[in-house]
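structure.txt, holding compact mmCIF, C-alpha atoms:
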# COMPACT_ATOMS: atom_id res chain seq x y z
CA MET A 790 -4.70 -40.45 1.44
CA ALA A 791 -6.14 -37.11 2.51
CA ARG A 792 -8.09 -37.08 5.75
CA THR A 793 -11.59 -35.69 5.88
CA ARG A 794 -11.39 -32.39 7.69
CA GLN A 795 -14.34 -31.06 9.60
CA LYS A 796 -14.79 -27.42 10.38
CA PRO A 797 -16.34 -26.85 13.79
CA HIS A 798 -18.01 -23.65 12.74
CA ARG A 799 -18.05 -21.03 10.04
CA ALA A 800 -18.74 -17.36 10.46
CA SER A 801 -18.57 -14.36 8.19
CA GLU A 802 -15.64 -12.09 8.91
CA SER A 803 -17.88 -9.23 10.05
CA GLU A 804 -19.23 -11.48 12.80
CA LYS A 805 -15.87 -12.54 14.11
CA PRO A 806 -14.56 -12.46 16.75
CA ALA A 807 -17.80 -11.73 18.58
CA THR A 808 -18.18 -11.13 22.28
CA ALA A 809 -20.67 -12.74 24.60
CA ALA A 810 -22.71 -9.54 24.46
CA GLU A 811 -22.95 -9.77 20.66
CA GLN A 812 -23.75 -13.44 20.74
CA GLY A 813 -26.63 -13.07 23.19
CA GLY A 814 -29.08 -11.77 20.61
CA LYS A 815 -31.91 -11.32 23.15
CA ARG A 816 -34.07 -8.22 23.15
CA ARG A 817 -33.13 -7.04 26.59
CA ARG A 818 -31.31 -3.95 27.64
CA LEU A 819 -27.55 -4.57 27.72
CA THR A 820 -25.68 -3.99 30.92
CA GLN A 821 -22.96 -1.35 31.01
CA ALA A 822 -20.29 -4.08 30.91
CA GLU A 823 -21.93 -5.66 27.86
CA ARG A 824 -22.19 -2.31 26.09
CA THR A 825 -18.51 -1.68 26.78
CA ALA A 826 -17.58 -5.14 25.48
CA LEU A 827 -19.71 -4.56 22.39
CA SER A 828 -18.17 -1.18 21.60
CA ASP A 829 -14.67 -2.59 22.20
CA THR A 830 -15.34 -5.43 19.77
CA ARG A 831 -16.70 -3.05 17.16
CA MET A 832 -13.67 -0.82 17.51
CA PHE A 833 -11.35 -3.85 17.27
CA ASN A 834 -13.12 -5.04 14.12
CA ALA A 835 -12.93 -1.56 12.57
CA ALA A 836 -9.26 -1.29 13.55
CA MET A 837 -8.38 -4.59 11.87
CA MET A 838 -10.12 -3.54 8.66
CA LEU A 839 -8.36 -0.16 8.57
CA ILE A 840 -4.95 -1.56 9.51
CA SER A 841 -5.36 -4.30 6.94
CA ASP A 842 -5.86 -1.63 4.24
CA ASN A 843 -3.58 1.17 5.43
CA GLY A 844 -1.15 -0.24 7.96
CA ALA A 845 -0.89 0.40 11.69
CA ASN A 846 1.28 3.50 11.43
CA ARG A 847 -1.20 5.23 9.14
CA THR A 848 -4.31 4.31 11.14
CA THR A 849 -5.39 6.70 13.91
CA LEU A 850 -7.67 6.10 16.89
CA LYS A 851 -9.97 8.77 15.45
CA ASP A 852 -10.26 6.82 12.16
CA ILE A 853 -11.05 3.66 14.11
CA CYS A 854 -13.79 5.25 16.22
CA GLU A 855 -15.43 6.87 13.21
CA GLN A 856 -15.30 3.63 11.24
CA ALA A 857 -16.90 1.78 14.17
CA GLY A 858 -19.66 4.39 14.42
CA TYR A 859 -18.64 5.97 17.71
CA SER A 860 -17.49 9.40 18.74
CA ARG A 861 -13.89 10.05 17.70
CA GLY A 862 -12.57 10.24 21.27
CA LEU A 863 -13.96 6.94 22.61
CA ALA A 864 -10.88 4.77 22.01
CA ASN A 865 -8.57 7.37 23.50
CA TYR A 866 -10.88 7.78 26.52
CA ARG A 867 -11.02 4.03 27.11
CA PHE A 868 -7.44 2.96 26.31
CA GLY A 869 -5.45 6.15 26.84
CA SER A 870 -3.17 5.80 23.82
CA LYS A 871 -2.85 4.08 20.46
CA GLU A 872 -0.04 1.89 21.82
CA VAL A 873 -2.28 0.48 24.57
CA PHE A 874 -5.17 0.08 22.12
CA LEU A 875 -2.95 -1.97 19.77
CA GLN A 876 -1.80 -4.17 22.66
CA GLU A 877 -5.41 -4.87 23.61
CA LEU A 878 -6.30 -5.45 19.95
CA LEU A 879 -3.58 -8.10 19.71
CA ARG A 880 -4.84 -9.77 22.89
CA HIS A 881 -8.32 -9.83 21.34
CA PHE A 882 -6.83 -11.34 18.16
CA ASN A 883 -4.98 -13.98 20.16
CA ARG A 884 -8.10 -14.88 22.16
CA ALA A 885 -9.98 -15.41 18.87
CA TRP A 886 -7.22 -17.72 17.64
CA VAL A 887 -7.06 -19.64 20.93
CA ASP A 888 -10.87 -20.13 20.84
CA GLN A 889 -10.59 -21.48 17.30
CA LEU A 890 -7.70 -23.76 18.24
CA LYS A 891 -9.63 -25.14 21.21
CA ALA A 892 -12.69 -25.83 19.07
CA TYR A 893 -10.53 -27.96 16.78
CA THR A 894 -8.29 -29.71 19.30
CA ASP A 895 -10.35 -30.16 22.49
CA GLY A 896 -10.48 -33.81 23.53
CA ARG A 897 -7.75 -34.80 21.08
CA THR A 898 -4.16 -35.74 21.77
CA GLY A 899 -0.90 -36.51 20.03
CA LEU A 900 -0.58 -36.39 16.26
CA ASP A 901 -4.35 -36.12 15.85
CA ALA A 902 -4.41 -32.90 17.91
CA PHE A 903 -1.44 -31.50 16.00
CA LEU A 904 -3.00 -32.18 12.59
CA ARG A 905 -6.25 -30.62 13.80
CA ALA A 906 -4.27 -27.54 14.83
CA VAL A 907 -3.00 -27.32 11.24
CA ASP A 908 -6.64 -27.53 10.07
CA ALA A 909 -7.55 -24.75 12.53
CA LEU A 910 -4.82 -22.55 11.10
CA GLU A 911 -5.93 -23.14 7.52
CA ASN A 912 -9.52 -22.32 8.47
CA PHE A 913 -8.55 -19.20 10.41
CA LEU A 914 -6.50 -17.93 7.46
CA THR A 915 -9.35 -18.54 5.05
CA GLU A 916 -12.27 -17.33 7.16
CA TYR A 917 -10.71 -14.42 8.98
CA HIS A 918 -7.98 -13.31 6.64
CA ARG A 919 -8.50 -9.60 7.36
CA TYR A 920 -7.91 -10.26 11.05
CA MET A 921 -4.77 -12.18 10.21
CA ARG A 922 -3.60 -9.40 7.90
CA GLY A 923 -4.20 -6.76 10.55
CA GLY A 924 -2.50 -8.75 13.30
CA TYR A 925 0.57 -9.53 11.25
CA ILE A 926 0.90 -5.96 9.98
CA ILE A 927 0.91 -4.69 13.57
CA TRP A 928 3.54 -7.24 14.51
CA TYR A 929 5.84 -6.51 11.60
CA GLU A 930 5.53 -2.76 11.94
CA SER A 931 6.31 -3.01 15.66
CA ILE A 932 9.00 -5.66 16.10
CA GLY A 933 11.77 -3.33 14.92
CA GLY A 934 11.83 -1.73 18.39
CA ASP A 935 11.87 -2.89 21.97
CA ASN A 936 8.20 -2.52 22.85
CA GLU A 937 5.28 -4.32 24.45
CA VAL A 938 3.93 -5.59 21.10
CA ARG A 939 7.20 -7.39 20.46
CA ARG A 940 7.18 -8.89 23.96
CA GLN A 941 3.57 -9.99 23.44
CA LEU A 942 4.50 -11.67 20.16
CA LYS A 943 7.29 -13.52 21.96
CA ARG A 944 4.87 -14.73 24.67
CA ASN A 945 2.34 -15.88 22.06
CA HIS A 946 4.98 -17.82 20.18
CA GLU A 947 6.22 -19.48 23.34
CA ALA A 948 2.66 -20.64 24.02
CA TYR A 949 2.26 -21.93 20.42
CA ARG A 950 5.55 -23.84 20.69
CA ARG A 951 4.58 -25.38 24.04
CA ASP A 952 1.31 -26.65 22.52
CA VAL A 953 3.16 -28.36 19.67
CA GLU A 954 5.76 -29.85 21.99
CA ARG A 955 3.01 -31.19 24.28
CA TRP A 956 1.15 -32.84 21.36
CA LEU A 957 4.35 -34.45 20.07
CA GLU A 958 5.32 -35.76 23.50
CA GLN A 959 1.79 -37.15 23.96
CA GLY A 960 2.09 -38.69 20.50
CA VAL A 961 5.33 -40.47 21.37
CA LYS A 962 3.76 -41.86 24.56
CA GLU A 963 0.57 -43.06 22.86
CA GLY A 964 2.41 -44.31 19.76
CA SER A 965 1.02 -41.92 17.14
CA VAL A 966 4.41 -40.17 16.80
CA ARG A 967 7.62 -42.07 16.19
CA THR A 968 10.14 -42.17 19.01
CA GLY A 969 13.25 -40.06 18.66
CA VAL A 970 11.49 -36.97 17.33
CA ASP A 971 13.03 -33.83 18.81
CA ALA A 972 9.84 -32.09 19.99
CA SER A 973 11.55 -28.77 20.76
CA ASN A 974 13.22 -28.44 17.34
CA PHE A 975 10.14 -29.61 15.51
CA ALA A 976 7.96 -27.09 17.37
CA THR A 977 10.35 -24.25 16.57
CA LEU A 978 10.42 -25.22 12.90
CA TYR A 979 6.66 -25.59 12.75
CA CYS A 980 6.04 -22.16 14.31
CA SER A 981 8.62 -20.58 11.99
CA PHE A 982 7.00 -22.25 9.02
CA VAL A 983 3.59 -20.93 10.07
CA PHE A 984 4.91 -17.40 10.59
CA GLY A 985 6.68 -17.46 7.21
CA THR A 986 3.74 -18.95 5.34
CA ILE A 987 1.18 -16.52 6.70
CA TYR A 988 3.33 -13.57 5.78
CA GLN A 989 3.87 -14.83 2.20
CA TRP A 990 0.18 -15.37 1.80
CA LEU A 991 -0.77 -11.95 3.17
CA VAL A 992 1.55 -10.11 0.82
CA ASN A 993 0.74 -12.16 -2.25
CA PRO A 994 -2.33 -14.39 -1.80
CA GLU A 995 -2.43 -15.24 -5.52
CA ALA A 996 1.01 -16.86 -5.33
CA ILE A 997 -0.09 -19.61 -2.93
CA ASP A 998 -2.88 -22.14 -3.42
CA LEU A 999 -3.58 -22.37 0.28
CA ALA A 1000 -5.61 -25.61 0.20
CA ALA A 1001 -3.01 -27.46 -1.90
CA PHE A 1002 -0.18 -26.01 0.15
CA PHE A 1003 -1.66 -27.13 3.47
CA GLU A 1004 -2.41 -30.57 2.08
CA TYR A 1005 1.20 -30.89 0.98
CA PHE A 1006 2.34 -29.72 4.39
CA ARG A 1007 0.11 -32.24 6.21
CA GLU A 1008 1.68 -35.00 4.11
CA LEU A 1009 5.13 -33.74 5.08
CA ILE A 1010 4.20 -33.75 8.77
CA ARG A 1011 2.88 -37.30 8.57
CA GLY A 1012 6.03 -38.38 6.72
CA GLN A 1013 8.18 -36.83 9.44
CA LEU A 1014 6.21 -37.89 12.49
CA GLU A 1015 4.28 -41.09 11.91
CA PRO A 1016 5.97 -44.23 13.25
CA MET B 999 8.42 3.31 -8.85
CA THR B 1000 10.64 5.70 -6.97
CA GLN B 1001 10.98 9.18 -8.37
CA ARG B 1002 14.42 9.87 -9.79
CA PRO B 1003 15.62 13.15 -11.32
CA ALA B 1004 15.94 13.05 -15.10
CA SER B 1005 19.64 13.67 -14.93
CA ALA B 1006 20.34 11.06 -12.27
CA GLY B 1007 21.45 8.30 -14.65
CA SER B 1008 24.47 10.18 -15.96
CA ASN B 1009 25.15 12.56 -13.12
CA SER B 1010 27.58 11.22 -10.54
CA ARG B 1011 26.85 14.16 -8.19
CA SER B 1012 23.17 13.29 -8.27
CA ASP B 1013 23.99 9.63 -7.55
CA GLU B 1014 26.22 10.64 -4.68
CA ARG B 1015 23.46 12.80 -3.16
CA GLN B 1016 20.91 10.03 -3.47
CA ARG B 1017 23.32 7.66 -1.73
CA ARG B 1018 23.81 10.29 0.99
CA ILE B 1019 20.06 10.57 1.48
CA LEU B 1020 19.66 6.79 1.63
CA LYS B 1021 22.48 6.53 4.18
CA ALA B 1022 20.91 9.34 6.27
CA PHE B 1023 17.52 7.62 6.03
CA HIS B 1024 19.05 4.31 7.14
CA ASP B 1025 20.83 5.92 10.12
CA CYS B 1026 17.74 7.86 11.26
CA VAL B 1027 15.41 4.86 11.05
CA ILE B 1028 17.87 2.59 12.86
CA GLU B 1029 18.15 5.23 15.58
CA GLN B 1030 14.48 6.15 16.05
CA SER B 1031 12.31 3.81 13.90
CA TYR B 1032 10.59 4.61 10.63
CA SER B 1033 7.40 6.05 12.08
CA ASN B 1034 9.33 8.46 14.35
CA THR B 1035 11.62 9.69 11.57
CA THR B 1036 10.64 12.89 9.78
CA LEU B 1037 11.76 14.23 6.44
CA ALA B 1038 13.49 17.08 8.31
CA ASP B 1039 15.50 14.50 10.33
CA ILE B 1040 16.67 12.81 7.14
CA ALA B 1041 17.56 16.13 5.49
CA ARG B 1042 19.52 17.21 8.57
CA ALA B 1043 21.45 13.91 8.67
CA ALA B 1044 22.15 14.21 4.93
CA ASP B 1045 23.33 17.79 5.49
CA MET B 1046 20.94 19.31 2.99
CA ALA B 1047 17.75 21.39 3.02
CA PRO B 1048 14.43 19.48 3.02
CA SER B 1049 13.47 21.23 -0.23
CA HIS B 1050 16.71 19.99 -1.82
CA LEU B 1051 16.00 16.45 -0.63
CA LEU B 1052 12.54 16.63 -2.21
CA TYR B 1053 14.20 17.18 -5.59
CA TYR B 1054 15.53 13.61 -5.36
CA PHE B 1055 12.66 11.89 -3.53
CA ARG B 1056 8.98 12.83 -3.28
CA GLY B 1057 8.96 12.16 0.45
CA LYS B 1058 9.83 9.73 3.24
CA ASP B 1059 7.79 6.89 1.70
CA ALA B 1060 9.64 7.25 -1.62
CA ILE B 1061 12.98 6.93 0.18
CA LEU B 1062 11.75 3.81 1.96
CA VAL B 1063 10.67 2.24 -1.34
CA ARG B 1064 14.07 2.93 -2.90
CA TYR B 1065 15.87 1.63 0.20
CA PHE B 1066 13.83 -1.57 0.20
CA GLU B 1067 14.41 -2.01 -3.53
CA ASP B 1068 18.19 -1.56 -3.11
CA VAL B 1069 18.43 -4.05 -0.21
CA ALA B 1070 16.31 -6.63 -2.07
CA THR B 1071 18.48 -6.25 -5.19
CA ARG B 1072 21.70 -6.64 -3.18
CA ILE B 1073 20.45 -9.87 -1.54
CA LEU B 1074 19.28 -11.33 -4.87
CA ASP B 1075 22.62 -10.45 -6.51
CA ARG B 1076 24.45 -12.30 -3.77
CA ILE B 1077 22.19 -15.33 -4.11
CA ALA B 1078 22.68 -15.35 -7.90
CA ALA B 1079 26.45 -15.39 -7.35
CA PHE B 1080 26.11 -18.71 -5.44
CA LYS B 1081 24.97 -20.60 -8.54
CA PRO B 1082 28.37 -21.63 -9.96
CA GLU B 1083 29.24 -23.30 -6.62
CA PRO B 1084 28.52 -26.99 -5.86
CA PRO B 1085 25.01 -27.39 -4.33
CA GLU B 1086 26.27 -28.31 -0.84
CA ARG B 1087 28.42 -25.17 -0.83
CA GLN B 1088 25.45 -23.10 -2.03
CA LEU B 1089 23.49 -24.34 0.95
CA GLU B 1090 26.32 -23.25 3.26
CA LEU B 1091 26.47 -19.82 1.62
CA LEU B 1092 22.72 -19.37 1.81
CA GLY B 1093 22.77 -20.18 5.53
CA GLU B 1094 25.63 -17.75 6.11
CA LEU B 1095 23.84 -15.00 4.21
CA PHE B 1096 20.72 -15.16 6.37
CA PHE B 1097 21.95 -16.53 9.70
CA ALA B 1098 25.65 -15.87 10.18
CA GLY B 1099 24.96 -12.34 11.42
CA LYS B 1100 27.97 -10.90 9.61
CA THR B 1101 26.27 -9.07 6.78
CA VAL B 1102 23.49 -7.23 8.57
CA THR B 1103 22.92 -5.97 12.10
CA GLN B 1104 19.86 -6.67 14.24
CA SER B 1105 18.75 -3.05 13.74
CA GLU B 1106 18.92 -3.45 9.98
CA ILE B 1107 16.91 -6.64 10.17
CA GLY B 1108 14.41 -4.71 12.29
CA LEU B 1109 14.14 -2.11 9.56
CA MET B 1110 13.58 -4.81 6.96
CA HIS B 1111 10.77 -6.24 9.08
CA GLU B 1112 9.19 -2.82 9.23
CA CYS B 1113 9.45 -2.77 5.42
CA PHE B 1114 7.76 -6.19 5.29
CA GLY B 1115 4.90 -4.87 7.42
CA ILE B 1116 4.42 -1.93 5.09
CA ALA B 1117 4.70 -4.22 2.05
CA ALA B 1118 1.53 -5.99 3.18
CA HIS B 1119 -0.55 -2.88 2.40
CA ASP B 1120 1.57 -0.55 0.23
CA GLU B 1121 1.37 -1.47 -3.45
CA ARG B 1122 4.87 -0.25 -4.42
CA MET B 1123 6.52 -2.11 -1.55
CA ARG B 1124 4.35 -5.15 -2.18
CA ARG B 1125 5.56 -5.39 -5.79
CA ILE B 1126 9.19 -5.32 -4.68
CA LYS B 1127 8.53 -7.96 -2.01
CA CYS B 1128 6.58 -10.21 -4.41
CA ASP B 1129 9.39 -10.02 -6.96
CA PHE B 1130 11.95 -10.75 -4.24
CA ASP B 1131 9.93 -13.73 -3.00
CA ALA B 1132 9.41 -15.13 -6.50
CA GLN B 1133 13.13 -14.92 -7.33
CA SER B 1134 14.14 -16.38 -3.96
CA LYS B 1135 11.76 -19.32 -4.38
CA ALA B 1136 12.94 -19.88 -7.97
CA TYR B 1137 16.48 -20.09 -6.65
CA LEU B 1138 15.46 -22.54 -3.89
CA SER B 1139 13.66 -24.68 -6.45
CA TYR B 1140 16.82 -24.66 -8.58
CA LEU B 1141 18.89 -25.60 -5.52
CA PHE B 1142 16.59 -28.55 -4.68
CA GLU B 1143 17.07 -29.84 -8.22
CA GLN B 1144 20.84 -29.73 -7.66
CA LEU B 1145 21.02 -31.16 -4.13
CA PRO B 1146 21.65 -34.90 -3.84
CA GLY B 1147 18.75 -37.09 -2.76
CA ARG B 1148 15.24 -37.34 -4.03
CA THR B 1149 13.05 -34.28 -3.48
CA ARG B 1150 9.55 -35.24 -2.44
CA GLY B 1151 7.05 -34.00 -5.01
CA ASP B 1152 7.42 -30.86 -7.09
CA THR B 1153 10.54 -28.81 -6.27
CA ARG B 1154 8.38 -25.66 -6.40
CA ASP B 1155 6.22 -26.97 -3.53
CA THR B 1156 9.36 -27.87 -1.63
CA ALA B 1157 10.78 -24.40 -2.29
CA GLU B 1158 7.58 -22.84 -0.88
CA VAL B 1159 7.99 -24.77 2.36
CA ALA B 1160 11.73 -24.03 2.55
CA TYR B 1161 11.19 -20.33 1.94
CA ALA B 1162 8.47 -20.15 4.61
CA VAL B 1163 10.83 -21.83 7.10
CA LEU B 1164 13.71 -19.53 6.11
CA PHE B 1165 11.58 -16.42 6.45
CA GLY B 1166 9.94 -17.58 9.68
CA LEU B 1167 13.21 -18.63 11.33
CA ARG B 1168 14.88 -15.36 10.43
CA THR B 1169 11.95 -13.48 11.94
CA ALA B 1170 11.89 -15.68 15.06
CA VAL B 1171 15.56 -14.91 15.70
CA PHE B 1172 14.63 -11.28 15.86
CA PHE B 1173 11.94 -11.42 18.52
CA ASP B 1174 12.41 -14.76 20.25
CA ASP B 1175 15.39 -15.17 22.62
CA ASP B 1176 14.99 -18.96 22.55
CA VAL B 1177 15.91 -19.05 18.85
CA ASP B 1178 19.41 -17.67 18.39
CA LEU B 1179 21.32 -17.46 15.12
CA PRO B 1180 23.40 -20.68 15.48
CA ARG B 1181 20.29 -22.72 16.37
CA ALA B 1182 18.29 -21.16 13.53
CA LEU B 1183 21.14 -21.86 11.09
CA ALA B 1184 21.37 -25.49 12.20
CA LEU B 1185 17.59 -25.94 11.91
CA PHE B 1186 17.50 -24.30 8.50
CA LYS B 1187 20.28 -26.47 7.07
CA ARG B 1188 18.77 -29.62 8.49
CA THR B 1189 15.35 -28.71 7.07
CA MET B 1190 16.82 -28.08 3.64
CA ILE B 1191 18.58 -31.45 3.68
CA GLU B 1192 15.46 -33.24 4.89
CA LEU B 1193 13.34 -31.53 2.28
CA SER B 1194 15.78 -32.55 -0.40
CA GLY B 1195 15.04 -36.15 0.57
CA GLU B 1196 18.25 -37.10 2.28
CA THR B 1197 17.77 -39.16 5.42
CA GLN B 1198 19.09 -37.48 8.51
CA GLY B 1199 19.22 -39.11 11.93
CA ASP B 1200 17.87 -37.32 14.98

What would you get if you wrote out this structure as structure tokens?
Amino acid sequence: MARTRQKPHRASESEKPATAAEQGGKRRRLTQAERTALSDTRMFNAAMMLISDNGANRTTLKDICEQAGYSRGLANYRFGSKEVFLQELLRHFNRAWVDQLKAYTDGRTGLDAFLRAVDALENFLTEYHRYMRGGYIIWYESIGGDNEVRRQLKRNHEAYRRDVERWLEQGVKEGSVRTGVDASNFATLYCSFVFGTIYQWLVNPEAIDLAAFFEYFRELIRGQLEP
Amino acid sequence: MTQRPASAGSNSRSDERQRRILKAFHDCVIEQSYSNTTLADIARAADMAPSHLLYYFRGKDAILVRYFEDVATRILDRIAAFKPEPPERQLELLGELFFAGKTVTQSEIGLMHECFGIAAHDERMRRIKCDFDAQSKAYLSYLFEQLPGRTRGDTRDTAEVAYAVLFGLRTAVFFDDDVDLPRALALFKRTMIELSGETQGD
């Protein structure tokens, strides 16, 4: 039987991921720090749209600034180079994902938390697919070399794996996950599955019915993990 | 599709030059990445003038498309050759192809990942990748029908999951030191067996 899944919040893609300065909405003069955060967010949003359409290699800082409505030199002035800008863009992307994950999993443990994390992923893919496209394009175009983007991807994946391992270990203790499950192997497989699925979907969204696919996957997880 | 000279089909000299260009492209990109490689670099490595190279390919992107197409075709040909084997042996061969590390180097895998990144936004590359994915999944679906045990649900759904795991594990090996080839191979084989419905102990 399918569980009822609740979405903590919905937002249009143009609104996401918003900074505190954007979310304030009050008619007061922004501080310098808020204006900087706002312009960074607008440049990040513009960058993800452009990279999603044209790739990271073919997108310039000048294109990004113009798309965001700023002078063409702003990104270079603030970040110094495209490489540093892309690193910060990926951190911004990861923060947005972590916020989403927390909104779904806070206060939950074990198998419940893990299944909610799967819901969070499905929602993130559906609601913010241009961000996902942009992020994954940057990763794939960068991991061929030894660079900071690749190292950042490794760190992110280690964190994702640790989350899954923690939920499974909690689940075994509280009885929601059967004993004997190898948390480390399962976490590696799950993260690989997620990476592989997202890429397939980004390249050919028509080939995958995302809702049906995730439902099937949730059933598989329950079959593998429930006592 | 990739530009090819009209005479290329029957002209062995033309074929040889295209192979030379593709080899030069491969070597340059492995050495300095795709984005840092120029057409002049490729021409120099192929020992020909850039204008001569442009007779065979419209530019760097066209060479990349042809390269990607050739690699995808080679992999699919190898997979197709597994079919006469017993299903358990096919599973072994599939694992060896992607995880044994004998057929391709890390640098070549890196280049393929760069191709995958470009395929997400370049229509020509995307078509090649979609065709490759569709044929790979069709093969996995066929394999699940052959493997002993009861496959849960539709074999096409199972093939989707298996392909995502295969693709994700192969990528993880490339950037994550905690996932080496032997571990990825063991996890892949175990996943395939579990997906096919056979009971495996922990």

Should the cut-off be 9 Å, what would the residue list for chain B against chain A look like, counting all atoms listed in the file, as a PyMOL selection string?
chain B and resi 1028+1030-1031+1033+1104-1120+1124+1127-1128+1131-1132+1150-1151+1155+1158-1170+1172-1177+1182+1185-1186+1189+1193+1200

For CA of Leu863 in chain A and CA of Asn936 in chain A, determine how far apart the two atoms are, in Å to one decimal place.
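Separating CA of Leu863 in chain A from CA of Asn936 in chain A is a distance of 24.1 Å.
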
Which is closer to Pro1082 in chain B than all the others in B:Gln1016, B:Gln1144, B:Thr1156, B:Asn1009, using all atoms listed in the file?
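When distances to Pro1082 in chain B are compared using all atoms listed in the file, the smallest one comes from B:Gln1144.
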
Might you pull out every residue within 6 Å of range 1041-1045 of chain B, with only C-alpha atoms counted and same-chain residues fewer than 3 positions away left off, and present them as a JSON list (two decimals) with C-alpha atoms, in the frame of the given file?
[["chain", "number", "residue", "atom", "x", "y", "z"],
["B", 1018, "ARG", "CA", 23.81, 10.29, 0.99],
["B", 1019, "ILE", "CA", 20.06, 10.57, 1.48],
["B", 1022, "ALA", "CA", 20.91, 9.34, 6.27],
["B", 1038, "ALA", "CA", 13.49, 17.08, 8.31],
["B", 1048, "PRO", "CA", 14.43, 19.48, 3.02]]

CA of Ala1098 in chain B sits from CA of Leu1183 in chain B at a separation of 7.6 Å

Residue nearest Thr1035 in chain B - candidates B:Glu1014, B:Lys1058, B:Gln1133, B:Arg1072, atoms counted: all atoms listed in the file:
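Ranking B:Glu1014, B:Lys1058, B:Gln1133, B:Arg1072 by distance to Thr1035 in chain B, first place goes to B:Lys1058.
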
In Å, how far is it from CA of Leu1074 in chain B to CA of Arg1122 in chain B?
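Distance reported for this atom pair: 18.2 Å.
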
Nearest to Asn834 in chain A by atom-to-atom distance, counting only C-alpha atoms, from A:Val873, A:Val887, A:Leu819, A:Ile853:
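Going through A:Val873, A:Val887, A:Leu819, A:Ile853 one by one, the smallest distance to Asn834 in chain A is for A:Ile853.
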
Expected answer as a list in words: all residues with atoms within 7 Å of (10.4, -24.8, -4.5), only C-alpha atoms
Lys1135, Ala1136, Leu1138, Ser1139, Thr1153, Arg1154, Asp1155, Thr1156, Ala1157 and Glu1158 of chain B

In terms of all atoms listed in the file, the residue from B:His1050, B:Leu1062, B:Leu1141, B:Asp1068 at minimal distance from Ser1012 in chain B is B:His1050

Could you check which of A:Arg831, A:Arg951, A:Gly896, A:Gly1012 is closest to Gly1195 in chain B, using only C-alpha atoms?
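Checking each candidate against Gly1195 in chain B, we get A:Gly1012 as the closest.
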